[in-house]
Every structure is written in C-alpha cells, then in structure tokens.
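Content type mmCIF, C-alpha atoms, from the file query17.cif:
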data_upload
#
loop_
_atom_site.label_atom_id
_atom_site.label_comp_id
_atom_site.auth_asym_id
_atom_site.auth_seq_id
_atom_site.Cartn_x
_atom_site.Cartn_y
_atom_site.Cartn_z
CA MET Q 445 5.47 12.58 67.91
CA ALA Q 446 6.96 9.21 67.17
CA SER Q 447 9.67 10.17 64.69
CA ARG Q 448 10.90 12.96 66.94
CA ASP Q 449 11.21 10.43 69.79
CA PHE Q 450 13.17 8.12 67.52
CA TRP Q 451 15.72 10.76 66.53
CA ASP Q 452 15.89 12.04 70.09
CA GLY Q 453 16.94 8.56 71.15
CA ALA Q 454 19.31 8.19 68.20
CA ARG Q 455 21.04 11.47 69.05
CA ARG Q 456 21.73 10.12 72.56
CA GLY Q 457 23.57 7.29 70.87
CA VAL Q 458 26.22 9.49 69.25
CA PRO Q 459 28.67 9.84 72.18
CA ILE Q 460 28.09 6.18 73.04
CA VAL Q 461 29.02 5.14 69.50
CA LEU Q 462 32.14 7.31 69.58
CA SER Q 463 33.39 5.64 72.74
CA ALA Q 464 32.27 2.11 71.86
CA SER Q 465 33.37 1.90 68.22
CA PRO Q 466 37.09 1.47 68.92
CA PHE Q 467 36.15 -1.57 71.00
CA GLY Q 468 33.96 -2.91 68.23
CA ALA Q 469 36.87 -2.55 65.84
CA LEU Q 470 39.20 -4.06 68.43
CA PHE Q 471 36.85 -7.02 68.75
CA GLY Q 472 36.80 -7.46 64.98
CA ALA Q 473 40.60 -7.36 64.74
CA LEU Q 474 41.16 -9.71 67.68
CA ALA Q 475 38.48 -12.08 66.43
CA ILE Q 476 40.35 -12.61 63.16
CA ASP Q 477 43.46 -13.05 65.24
CA ASN Q 478 41.83 -15.81 67.28
CA GLY Q 479 40.78 -17.82 64.25
CA PHE Q 480 37.38 -16.24 63.55
CA SER Q 481 36.33 -15.37 60.00
CA ILE Q 482 34.76 -11.99 59.26
CA VAL Q 483 31.36 -13.69 59.07
CA ASP Q 484 31.97 -15.34 62.47
CA ALA Q 485 32.91 -11.98 64.00
CA LEU Q 486 29.88 -10.20 62.52
CA PHE Q 487 27.60 -13.05 63.54
CA MET Q 488 28.82 -12.81 67.13
CA SER Q 489 28.44 -9.00 67.23
CA ALA Q 490 24.94 -9.28 65.76
CA THR Q 491 23.66 -12.02 68.06
CA VAL Q 492 25.55 -11.58 71.36
CA PHE Q 493 25.93 -7.76 71.13
CA ALA Q 494 27.86 -7.40 74.40
CA GLY Q 495 31.44 -6.21 73.93
CA ALA Q 496 33.22 -7.47 77.02
CA SER Q 497 31.69 -10.94 76.82
CA GLN Q 498 32.50 -11.14 73.10
CA MET Q 499 36.15 -10.45 73.96
CA VAL Q 500 36.07 -13.12 76.65
CA GLY Q 501 34.42 -15.58 74.29
CA LEU Q 502 36.95 -15.16 71.51
CA GLU Q 503 39.88 -15.22 73.93
CA LEU Q 504 38.71 -18.55 75.33
CA PHE Q 505 37.92 -19.90 71.88
CA GLY Q 506 41.44 -18.96 70.80
CA HIS Q 507 42.73 -21.07 73.70
CA ALA Q 508 40.63 -24.03 72.55
CA VAL Q 509 38.62 -24.02 75.78
CA GLN Q 510 35.69 -26.47 76.04
CA PRO Q 511 32.52 -24.99 74.45
CA TRP Q 512 30.34 -25.25 77.57
CA LEU Q 513 32.89 -23.23 79.53
CA ILE Q 514 32.98 -20.53 76.85
CA VAL Q 515 29.19 -20.24 76.99
CA LEU Q 516 29.25 -20.22 80.79
CA SER Q 517 31.93 -17.51 80.83
CA VAL Q 518 29.94 -15.34 78.42
CA PHE Q 519 26.91 -15.89 80.64
CA ALA Q 520 28.93 -14.92 83.73
CA VAL Q 521 30.31 -11.73 82.18
CA ASN Q 522 26.82 -10.75 81.03
CA PHE Q 523 25.14 -11.61 84.30
CA ARG Q 524 24.95 -7.93 85.22
CA HIS Q 525 22.17 -7.60 82.64
CA VAL Q 526 19.90 -9.54 85.01
CA LEU Q 527 20.16 -6.65 87.45
CA TYR Q 528 19.75 -4.08 84.68
CA SER Q 529 16.63 -5.68 83.30
CA ALA Q 530 15.21 -6.14 86.79
CA SER Q 531 15.69 -2.48 87.65
CA MET Q 532 14.62 -1.23 84.20
CA ALA Q 533 11.41 -3.29 84.15
CA ARG Q 534 9.31 -0.49 85.65
CA HIS Q 535 10.26 1.90 82.83
CA ILE Q 536 9.20 -0.48 80.06
CA ALA Q 537 6.20 -2.03 81.80
CA HIS Q 538 3.86 -0.39 79.25
CA PHE Q 539 5.61 -2.08 76.25
CA SER Q 540 3.81 -5.02 74.63
CA LEU Q 541 5.35 -8.47 75.07
CA VAL Q 542 6.91 -8.39 71.59
CA GLN Q 543 8.24 -4.88 72.19
CA LYS Q 544 9.76 -6.00 75.50
CA ALA Q 545 11.39 -8.99 73.80
CA ALA Q 546 12.95 -6.72 71.16
CA ALA Q 547 13.90 -3.97 73.61
CA LEU Q 548 15.64 -6.34 76.02
CA PHE Q 549 17.70 -7.82 73.19
CA LEU Q 550 19.26 -4.35 72.81
CA LEU Q 551 19.93 -3.93 76.54
CA THR Q 552 23.53 -2.78 77.10
CA ASP Q 553 25.30 -0.77 79.80
CA PRO Q 554 24.75 2.63 78.10
CA GLN Q 555 21.20 1.68 77.03
CA TYR Q 556 20.38 0.89 80.64
CA ALA Q 557 22.01 4.09 81.91
CA GLU Q 558 20.20 6.33 79.39
CA THR Q 559 16.84 4.65 80.00
CA GLU Q 560 17.19 5.01 83.78
CA LYS Q 561 18.14 8.68 83.37
CA ARG Q 562 15.17 9.38 81.10
CA GLY Q 563 12.80 7.59 83.44
CA GLU Q 564 14.13 9.53 86.43
CA ARG Q 565 13.65 12.84 84.61
CA GLY Q 566 10.00 11.91 84.25
CA GLU Q 567 10.14 11.86 80.45
CA PRO Q 568 8.22 9.02 78.81
CA VAL Q 569 10.34 6.01 77.86
CA THR Q 570 8.50 5.23 74.63
CA PHE Q 571 9.26 2.15 72.56
CA VAL Q 572 10.21 4.35 69.62
CA TRP Q 573 12.66 6.39 71.71
CA TYR Q 574 14.17 3.20 73.15
CA MET Q 575 14.64 1.66 69.71
CA GLY Q 576 16.10 4.92 68.35
CA LEU Q 577 18.79 4.75 71.00
CA GLY Q 578 19.22 0.99 70.75
CA LEU Q 579 19.61 0.89 66.97
CA ALA Q 580 21.94 3.89 67.07
CA ILE Q 581 24.23 1.72 69.20
CA TYR Q 582 23.57 -1.64 67.51
CA LEU Q 583 24.15 -0.80 63.84
CA PRO Q 584 27.44 1.13 64.32
CA TRP Q 585 28.63 -1.79 66.50
CA LEU Q 586 28.27 -4.07 63.46
CA VAL Q 587 30.02 -1.57 61.19
CA ALA Q 588 32.90 -1.18 63.66
CA THR Q 589 33.21 -4.97 63.96
CA ALA Q 590 33.38 -5.34 60.17
CA LEU Q 591 35.97 -2.59 59.79
CA GLY Q 592 38.12 -4.08 62.56
CA ALA Q 593 37.80 -7.55 61.07
CA VAL Q 594 38.80 -6.40 57.59
CA PHE Q 595 41.73 -4.45 58.99
CA GLY Q 596 42.62 -7.30 61.35
CA GLY Q 597 42.70 -9.69 58.42
CA LEU Q 598 45.40 -7.61 56.78
CA ILE Q 599 47.74 -7.29 59.76
CA GLY Q 600 50.08 -10.10 60.69
CA ASP Q 601 51.50 -10.55 64.17
CA PRO Q 602 49.34 -8.69 66.72
CA LYS Q 603 52.33 -8.41 69.04
CA ALA Q 604 54.24 -6.38 66.45
CA ILE Q 605 51.59 -3.64 66.55
CA GLY Q 606 50.93 -3.94 70.28
CA LEU Q 607 47.43 -5.44 70.04
CA ASP Q 608 48.17 -8.10 72.63
CA VAL Q 609 48.13 -5.66 75.56
CA MET Q 610 44.80 -4.13 74.53
CA LEU Q 611 42.58 -6.89 75.89
CA PRO Q 612 43.88 -7.05 79.47
CA ILE Q 613 43.92 -3.23 79.61
CA TYR Q 614 40.36 -3.07 78.31
CA PHE Q 615 39.24 -5.56 80.95
CA MET Q 616 41.10 -3.59 83.61
CA ALA Q 617 39.23 -0.46 82.47
CA LEU Q 618 35.96 -2.35 82.97
CA VAL Q 619 37.08 -3.53 86.41
CA LEU Q 620 37.93 0.08 87.36
CA GLY Q 621 34.52 1.14 86.06
CA PHE Q 622 32.87 -0.88 88.82
CA ARG Q 623 35.06 0.57 91.57
CA ARG Q 624 32.24 2.36 93.38
CA ARG Q 625 30.48 -0.90 94.08
CA ASP Q 626 30.36 -2.39 97.58
CA HIS Q 627 33.35 -4.55 98.50
CA TRP Q 628 35.00 -3.79 95.14
CA LEU Q 629 38.59 -3.81 96.41
CA PRO Q 630 38.42 -7.08 98.41
CA VAL Q 631 36.57 -8.79 95.54
CA VAL Q 632 39.13 -7.66 92.95
CA ALA Q 633 42.05 -8.54 95.23
CA VAL Q 634 40.78 -12.01 96.06
CA SER Q 635 39.72 -12.85 92.49
CA SER Q 636 43.07 -11.63 91.14
CA VAL Q 637 45.21 -13.54 93.60
CA VAL Q 638 43.13 -16.73 93.39
CA SER Q 639 43.13 -16.62 89.57
CA VAL Q 640 46.93 -16.31 89.47
CA ILE Q 641 47.34 -19.22 91.89
CA ALA Q 642 44.77 -21.28 89.99
CA MET Q 643 46.52 -20.57 86.70
CA ARG Q 644 49.71 -22.04 88.18
CA LEU Q 645 48.12 -25.00 89.93
CA VAL Q 646 45.20 -25.93 87.66
CA GLY Q 647 45.86 -24.02 84.45
CA SER Q 648 43.82 -22.02 81.93
CA PRO Q 649 40.82 -21.66 81.56
CA TRP Q 650 39.87 -22.89 85.03
CA HIS Q 651 41.59 -19.92 86.62
CA VAL Q 652 38.69 -17.76 85.36
CA SER Q 653 35.90 -19.73 87.05
CA ILE Q 654 37.89 -20.46 90.21
CA GLY Q 655 39.06 -16.87 90.64
CA ALA Q 656 35.63 -15.41 89.87
CA LEU Q 657 33.89 -17.82 92.24
CA ALA Q 658 36.26 -16.82 95.05
CA GLY Q 659 35.38 -13.14 94.63
CA VAL Q 660 31.63 -13.74 94.36
CA VAL Q 661 31.53 -16.00 97.43
CA LEU Q 662 33.52 -13.40 99.34
CA ALA Q 663 31.01 -10.69 98.38
CA ALA Q 664 28.13 -12.87 99.57
CA CYS Q 665 29.87 -13.50 102.92
CA LEU Q 666 30.95 -9.92 103.70
CA PRO Q 667 28.55 -7.83 105.79
CA VAL Q 668 25.80 -6.36 103.61
CA LYS Q 669 26.15 -2.60 103.43
CA SER Q 670 23.07 -0.45 103.81
CA GLY Q 671 22.15 1.89 100.99
CA GLU Q 672 22.49 0.71 97.43
CA THR Q 673 25.35 2.27 95.54
CA ALA Q 674 25.66 -0.38 92.91
CA ARG Q 675 23.58 0.64 89.96
CA MET L 180 46.05 -13.79 48.68
CA SER L 181 43.57 -16.13 50.31
CA PHE L 182 40.04 -15.21 51.21
CA ASP L 183 39.56 -17.98 53.74
CA HIS L 184 39.25 -15.51 56.57
CA LEU L 185 36.02 -14.17 55.07
CA LEU L 186 34.08 -17.40 55.58
CA PRO L 187 33.04 -19.22 58.76
CA GLN L 188 35.94 -21.34 60.05
CA ASP L 189 33.87 -24.19 61.43
CA LEU L 190 30.37 -25.04 62.54
CA ARG L 191 31.53 -25.61 66.09
CA LEU L 192 32.32 -21.90 66.43
CA ILE L 193 28.93 -20.92 65.00
CA GLY L 194 27.31 -23.30 67.49
CA VAL L 195 29.21 -21.79 70.41
CA ILE L 196 28.23 -18.28 69.28
CA ILE L 197 24.55 -19.26 69.04
CA LEU L 198 24.63 -20.76 72.56
CA ALA L 199 26.48 -17.68 73.86
CA ALA L 200 23.84 -15.46 72.23
CA ILE L 201 21.03 -17.44 73.88
CA ALA L 202 22.80 -17.29 77.25
CA THR L 203 23.24 -13.53 76.85
CA TYR L 204 19.61 -13.01 75.87
CA LEU L 205 18.56 -14.97 78.97
CA THR L 206 20.51 -12.50 81.14
CA ARG L 207 18.77 -9.61 79.38
CA ILE L 208 15.24 -10.92 79.92
CA GLY L 209 16.03 -12.75 83.19
CA GLY L 210 15.85 -9.76 85.50
CA ALA L 211 12.58 -8.48 84.06
CA ILE L 212 11.00 -11.93 84.31
CA MET L 213 12.32 -12.44 87.85
CA ILE L 214 11.12 -9.07 89.06
CA ALA L 215 7.67 -9.82 87.69
CA ARG L 216 7.57 -12.95 89.85
CA MET L 217 9.35 -11.92 92.99
CA GLU L 218 9.08 -8.99 95.32
CA LYS L 219 12.65 -8.76 96.59
CA ILE L 220 16.11 -10.13 95.83
CA PRO L 221 17.81 -11.34 99.05
CA PRO L 222 20.52 -8.80 99.96
CA ARG L 223 23.33 -11.38 100.00
CA MET L 224 22.31 -12.63 96.59
CA GLU L 225 22.33 -9.08 95.31
CA ALA L 226 25.78 -8.50 96.83
CA ALA L 227 27.03 -11.64 95.11
CA LEU L 228 25.50 -10.60 91.77
CA ASN L 229 27.03 -7.15 92.13
CA ALA L 230 30.47 -8.66 92.54
CA VAL L 231 30.22 -10.83 89.43
CA PRO L 232 31.63 -8.47 86.77
CA ALA L 233 34.60 -7.25 88.83
CA ALA L 234 35.36 -10.80 89.98
CA VAL L 235 35.21 -12.32 86.49
CA LEU L 236 37.11 -9.53 84.77
CA SER L 237 39.86 -9.44 87.41
CA THR L 238 40.73 -13.04 86.56
CA LEU L 239 41.40 -11.91 82.97
CA VAL L 240 43.77 -9.12 84.04
CA ALA L 241 45.82 -10.47 86.96
CA PRO L 242 47.38 -13.46 85.15
CA ALA L 243 48.43 -11.17 82.26
CA ILE L 244 50.19 -8.86 84.74
CA VAL L 245 51.98 -11.76 86.43
CA PHE L 246 52.74 -14.05 83.48
CA GLY L 247 52.59 -11.70 80.47
CA GLY L 248 56.25 -10.70 80.36
CA MET L 249 57.91 -7.53 81.65
CA ASP L 250 56.82 -5.31 78.71
CA VAL L 251 53.16 -6.29 79.14
CA THR L 252 53.38 -5.88 82.92
CA ILE L 253 54.79 -2.35 82.64
CA ALA L 254 52.21 -1.35 80.01
CA ILE L 255 49.31 -2.61 82.13
CA LEU L 256 50.59 -0.86 85.26
CA VAL L 257 50.99 2.44 83.37
CA ALA L 258 47.45 2.02 82.01
CA PHE L 259 46.24 1.37 85.56
CA VAL L 260 47.68 4.68 86.78
CA VAL L 261 46.06 6.45 83.82
CA GLY L 262 42.79 4.67 84.61
CA LEU L 263 42.64 6.13 88.11
CA ARG L 264 41.84 9.47 86.48
CA LEU L 265 40.82 8.83 82.89
CA SER L 266 38.54 6.45 80.97
CA ALA L 267 39.17 3.32 78.94
CA LEU L 268 40.35 4.97 75.71
CA PRO L 269 43.26 6.94 77.25
CA MET L 270 44.19 3.79 79.18
CA LEU L 271 44.39 1.80 75.97
CA LEU L 272 46.40 4.51 74.22
CA ALA L 273 48.85 4.83 77.12
CA GLY L 274 49.34 1.07 77.45
CA TRP L 275 49.72 0.65 73.73
CA ALA L 276 52.25 3.52 73.49
CA VAL L 277 54.29 2.09 76.36
CA VAL L 278 54.46 -1.43 74.96
CA MET L 279 55.33 -0.17 71.47
CA LEU L 280 58.02 2.07 72.90
CA LEU L 281 59.55 -0.74 74.96
CA ARG L 282 59.51 -3.09 71.97
CA SER L 283 60.85 -0.63 69.43
CA ALA L 284 63.64 0.28 71.86
CA GLY L 285 64.51 -3.39 71.79
CA LEU L 286 64.27 -3.66 75.55
CA PHE L 287 62.05 -6.75 75.43
#
When written as structure tokens, how does the structure in this file appear?
Amino acid sequence: MASRDFWDGARRGVPIVLSASPFGALFGALAIDNGFSIVDALFMSATVFAGASQMVGLELFGHAVQPWLIVLSVFAVNFRHVLYSASMARHIAHFSLVQKAAALFLLTDPQYAETEKRGERGEPVTFVWYMGLGLAIYLPWLVATALGAVFGGLIGDPKAIGLDVMLPIYFMALVLGFRRRDHWLPVVAVSSVVSVIAMRLVGSPWHVSIGALAGVVLAACLPVKSGETAR
Amino acid sequence: MSFDHLLPQDLRLIGVIILAAIATYLTRIGGAIMIARMEKIPPRMEAALNAVPAAVLSTLVAPAIVFGGMDVTIAILVAFVVGLRLSALPMLLAGWAVVMLLRSAGLF
C-alpha cells in the first residue's frame, strides 16, 4: 500500500526533524549574520541540503574566501555521501533512473542510516517510503532555515547572545560523532595541530585545506585495520 | 526598518551556492555510480575517505579553541566534556550557557 509506506517513512522523520531543526534555524540565523539574505539562505538550504557543509560554506563566504575554495570545502565536507551512496546502492537498485536521481538528492546522514536499517530488517525500501522519509526531513529543514533567518535578521550582535560559540561547538559535536571510526584520534589530533600552525603561518582559509589534507594523508598511510567499523 | 536582508545580496553568492549544490549532488550520486562501475574500493582509499569528515571538521574547531579568546575556549572545552556523554544539542546548550555566563559576569 503506497500511501501507508509514505506515512511510515514520514513518521520515521519526526525524531530526525526534532534534532535537526535547531541546526536549520541556527544556519538561517548565522547566514543572515554572514551577509546572506533570507532568499540566499533558503536557496542554499533547498539546493545544497546538507547542514554541516552549509555552515562551512557561509562561514567561508563571511570571510570573503575565494569562491572555488568555498565550493571545494563544501565538496570536502560532503564527501562522506560518496560512501553512503555506494553502500546504499544495493537497497535502491530497483528504483528507476529518475527515481534514483531524486532519491539521491535527498541523501543525508539520517536518511542513509534509516534506509540501511530498513534494508537490514528485510523490509522493502520502496521509492514511496524513501520519499516519505526524505520529504519529512527536507521540508521542515526549509521551514527551520526560514524561521532562523527571520529571527537572525532581527538580532544584532551575535556575540551578545552567544551565537558565535555555536558553530565551533556544532562542528566539534560532528567530529565526536565520528569517534568510532578507524584512526579517529590520530586524524583529529594531526588535523587540529596542523590547522592551528597553518592558520598562524599561512592564514585563513588555507588552514582548512592544509589541516584536512594532513589528517587524510595520515589515515591513508596508517596500517589498514581489518573489519569495517566505519559506516 | 530596511528590508534589504530579504533579497539576494549579490549574484556571486547565488553562483557559489549553485556550484556548491552541484558539488554536493555529485557526492550523493558519486558513490552509486562508482559502485556500479567498480567491484572494490582500495582499502587505503577507503581509509582516507573515512577520515575526511573528522579531518575537515577538526580544522574548524581547533583554531577557535586556540585563537577564539578565553571565554570561547572555556565554553568549547565544557561542551567537549558534555559531548563525551551527550549529543550535539546538550553540547550547544552547555557551551552557550557558559559563554553567556562568563560574558554577563563581565569576566571577558
């Protein structure tokens, strides 16, 4: 039953929306703060639809970083989706090409996690179920962005209401979220230290690419552990 | 009251967003396309890919801890301790509360 599948998927989206909406609103508020208009913020949420990379993008744009580096940074932060879509491919193999194109546009961390779980349980990952979940995440993301942007337009100095610490803490939360991955600690340590040194010696925004590259190269050079834990 | 903040600030930003959206979409379809063409990702490449998010995001946190000022440093460290047990939202609340407290006490 198609409509039941849709609402089944949409219901799965409820806790995701509850935890993601503050970040959507945060993005909206910070976007205004970094010189975005409300339309700019909504446009980015609607087309990029990837919270962490949106934060990175607006942060770099606020620092007047070269456009190609902003795009590259967004690409780098979102690179994990390559692994998601590779590992999810078997669950959506029966979708048509157009359905795949639409479904993959809505691919996010929770979307991936829920789809993998459903596939593992042996329940059918139907297109309708997938879109029910995906739209239940996508549409509230836009609403949260708009609310944050409207509110952000009314507040003055972000420092006065403590908004300036939110971004680094949010990114730290994401870093901690990956802590069960192989070589997490050495990668974080090396990227952190190298980025601080690079910020001093070379300056922003190069510290991002230089620090990230150091961690990634380290991970490629360390002995490969058996047994995949990183999913 | 100005309504300038409602409208797009400049076309350059819209252009950057469009390119960022295309780059993001490529990451979303990339894995599925790759897997359709290739049997196996080399283990070292997979290890490198796995490290990407933590490596990139660390570079956005560490400089803020070191150069952000004492109030920001304390708030982030408190949030870190909270984050060892709890999720992102409590971390944000704790860090925010700490920085507001420090600032309203006039310490920084």
Just say which residues the PyMOL selection byres ((chain L and resi 256-260) around 8) picks in this file, as an mmCIF file with C-alpha atoms, in the coordinates of the input.
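Below is the file out.cif, written as the result:
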data_model
loop_
_atom_site.group_PDB
_atom_site.id
_atom_site.type_symbol
_atom_site.label_atom_id
_atom_site.label_comp_id
_atom_site.auth_asym_id
_atom_site.auth_seq_id
_atom_site.Cartn_x
_atom_site.Cartn_y
_atom_site.Cartn_z
ATOM 1 C CA ILE Q 613 43.920 -3.230 79.610
ATOM 2 C CA MET Q 616 41.100 -3.590 83.610
ATOM 3 C CA ALA Q 617 39.230 -0.460 82.470
ATOM 4 C CA THR L 252 53.380 -5.880 82.920
ATOM 5 C CA ILE L 253 54.790 -2.350 82.640
ATOM 6 C CA ALA L 254 52.210 -1.350 80.010
ATOM 7 C CA ILE L 255 49.310 -2.610 82.130
ATOM 8 C CA VAL L 261 46.060 6.450 83.820
ATOM 9 C CA GLY L 262 42.790 4.670 84.610
ATOM 10 C CA LEU L 263 42.640 6.130 88.110
ATOM 11 C CA ARG L 264 41.840 9.470 86.480
ATOM 12 C CA MET L 270 44.190 3.790 79.180
ATOM 13 C CA LEU L 271 44.390 1.800 75.970
ATOM 14 C CA ALA L 273 48.850 4.830 77.120
ATOM 15 C CA GLY L 274 49.340 1.070 77.450
ATOM 16 C CA VAL L 277 54.290 2.090 76.360
#
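Atom pair CA of Met224 in chain L / CA of Gly578 in chain Q: separated by 29.4 Å.
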**Study point:** Shell of 10 Å around Ala490 in chain Q, all atoms listed in the file, local chain residues under 5 positions omitted, as a ChimeraX atom specification
**Key:** /Q:484-485,582-583,585-586,589 /L:200
Practice item. Kindly resolve the PyMOL selection byres ((chain Q and resi 524) around 8) on the present coordinates and return the residues as an MDAnalysis selection string. Key: (chainID Q and resid 521:523 525:528) or (chainID L and resid 206 228:229 231:232)
Check your understanding: Evaluating the PyMOL selection byres ((chain Q and resi 502-514) around 8) on the displayed file yields which residues, as number ranges by chain?
Key -> Q: 474-475, 478-479, 498-501, 515-518, 649; L: 195, 199
Those same residues - C-alpha atoms - I'd like them written as a CSV table (one decimal), in the frame of the given file.
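Result file part.csv:
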chain,number,residue,atom,x,y,z
Q,474,LEU,CA,41.2,-9.7,67.7
Q,475,ALA,CA,38.5,-12.1,66.4
Q,478,ASN,CA,41.8,-15.8,67.3
Q,479,GLY,CA,40.8,-17.8,64.2
Q,498,GLN,CA,32.5,-11.1,73.1
Q,499,MET,CA,36.2,-10.4,74.0
Q,500,VAL,CA,36.1,-13.1,76.6
Q,501,GLY,CA,34.4,-15.6,74.3
Q,515,VAL,CA,29.2,-20.2,77.0
Q,516,LEU,CA,29.2,-20.2,80.8
Q,517,SER,CA,31.9,-17.5,80.8
Q,518,VAL,CA,29.9,-15.3,78.4
Q,649,PRO,CA,40.8,-21.7,81.6
L,195,VAL,CA,29.2,-21.8,70.4
L,199,ALA,CA,26.5,-17.7,73.9
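Between CA of Ser540 in chain Q and CA of Gly457 in chain Q the interatomic distance comes to 23.6 Å.
The smallest atom-to-atom distance between Ile197 in chain L and any of Q:Leu551, Q:Val542, Q:Thr559, Q:Phe487, using only C-alpha atoms, is found for Q:Phe487.
Distance-wise, CA of Ile212 in chain L and CA of Lys544 in chain Q end up 10.7 Å apart.
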Point to revise | Residue contacts of Gly659 in chain Q (12 Å, all atoms listed in the file) excluding same-chain residues fewer than 3 positions away, as a ChimeraX atom specification | key: /Q:627-639,652-656,662-666 /L:226-238
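The shortest atom-to-atom distance to Asp250 in chain L, with all atoms listed in the file taken into account, belongs to L:Trp275 out of L:Trp275, L:Pro221, L:Met213, L:Leu190.
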Check your understanding: Near Ser529 in chain Q, counting all atoms listed in the file, which residues have an atom at most 6 Å away, once you skip same-chain residues fewer than 6 positions from it, shown as JSON, numbers by chain?
Key -> {"L": [207, 210, 211]}
As JSON, please: the centre and edge lengths in Å, to one decimal, of an axis-aligned box enclosing every listed atom of range 538-555 of chain Q with 8 Å added on each side.
{"center_x": 14.6, "center_y": -3.2, "center_z": 75.5, "size_x": 37.5, "size_y": 27.6, "size_z": 24.6}
Practice item. Have a look at Q:Leu462, Q:Ala604, Q:Leu550, Q:Leu577 and name the one nearest to Val492 in chain Q; count all atoms listed in the file. Key: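 Selected residue with least distance to Val492 in chain Q: Q:Leu550.
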Check your understanding: Restricting the calculation to only C-alpha atoms, which member of Q:Asp477, Q:Asp449, Q:Glu567, Q:Glu558 is positioned closest to chain L?
Key -> Q:Asp477
Could N, CA, C and O atoms be built for range 213-230 of chain L and written out as a short mmCIF file (atom, residue, chain, number, x, y, z; two decimals), in the coordinates of the input?
data_model
loop_
_atom_site.label_atom_id
_atom_site.label_comp_id
_atom_site.auth_asym_id
_atom_site.auth_seq_id
_atom_site.Cartn_x
_atom_site.Cartn_y
_atom_site.Cartn_z
N MET L 213 12.20 -12.16 86.42
CA MET L 213 12.32 -12.44 87.85
C MET L 213 11.56 -11.41 88.67
O MET L 213 10.85 -11.75 89.61
N ILE L 214 11.72 -10.15 88.28
CA ILE L 214 11.12 -9.07 89.06
C ILE L 214 9.59 -9.15 88.96
O ILE L 214 8.88 -8.74 89.87
N ALA L 215 9.12 -9.69 87.84
CA ALA L 215 7.67 -9.82 87.69
C ALA L 215 7.13 -10.91 88.62
O ALA L 215 5.96 -10.91 88.97
N ARG L 216 8.01 -11.83 89.03
CA ARG L 216 7.57 -12.95 89.85
C ARG L 216 7.88 -12.77 91.32
O ARG L 216 7.28 -13.41 92.17
N MET L 217 8.88 -11.95 91.61
CA MET L 217 9.35 -11.92 92.99
C MET L 217 9.42 -10.49 93.47
O MET L 217 9.66 -9.55 92.72
N GLU L 218 9.16 -10.32 94.76
CA GLU L 218 9.08 -8.99 95.32
C GLU L 218 10.47 -8.43 95.60
O GLU L 218 10.75 -7.27 95.35
N LYS L 219 11.37 -9.28 96.10
CA LYS L 219 12.65 -8.76 96.59
C LYS L 219 13.76 -9.77 96.36
O LYS L 219 13.57 -10.97 96.55
N ILE L 220 14.94 -9.28 95.93
CA ILE L 220 16.11 -10.13 95.83
C ILE L 220 16.80 -10.13 97.20
O ILE L 220 17.01 -9.06 97.76
N PRO L 221 17.12 -11.32 97.75
CA PRO L 221 17.81 -11.34 99.05
C PRO L 221 19.09 -10.52 98.97
O PRO L 221 19.80 -10.58 97.97
N PRO L 222 19.38 -9.71 100.04
CA PRO L 222 20.52 -8.80 99.96
C PRO L 222 21.86 -9.49 99.68
O PRO L 222 22.69 -8.96 98.95
N ARG L 223 22.05 -10.69 100.24
CA ARG L 223 23.33 -11.38 100.00
C ARG L 223 23.44 -11.86 98.56
O ARG L 223 24.52 -11.87 97.98
N MET L 224 22.31 -12.22 97.99
CA MET L 224 22.31 -12.63 96.59
C MET L 224 22.63 -11.42 95.72
O MET L 224 23.41 -11.51 94.76
N GLU L 225 22.05 -10.29 96.08
CA GLU L 225 22.33 -9.08 95.31
C GLU L 225 23.79 -8.68 95.43
O GLU L 225 24.42 -8.28 94.44
N ALA L 226 24.36 -8.82 96.64
CA ALA L 226 25.78 -8.50 96.83
C ALA L 226 26.65 -9.42 95.98
O ALA L 226 27.62 -8.97 95.35
N ALA L 227 26.27 -10.69 95.92
CA ALA L 227 27.03 -11.64 95.11
C ALA L 227 26.92 -11.29 93.63
O ALA L 227 27.91 -11.29 92.90
N LEU L 228 25.71 -10.97 93.18
CA LEU L 228 25.50 -10.60 91.77
C LEU L 228 26.30 -9.35 91.41
O LEU L 228 26.89 -9.24 90.34
N ASN L 229 26.30 -8.40 92.36
CA ASN L 229 27.03 -7.15 92.13
C ASN L 229 28.51 -7.38 91.93
O ASN L 229 29.18 -6.62 91.24
N ALA L 230 29.03 -8.40 92.58
CA ALA L 230 30.47 -8.66 92.54
C ALA L 230 30.88 -9.40 91.28
O ALA L 230 32.07 -9.47 90.96
#
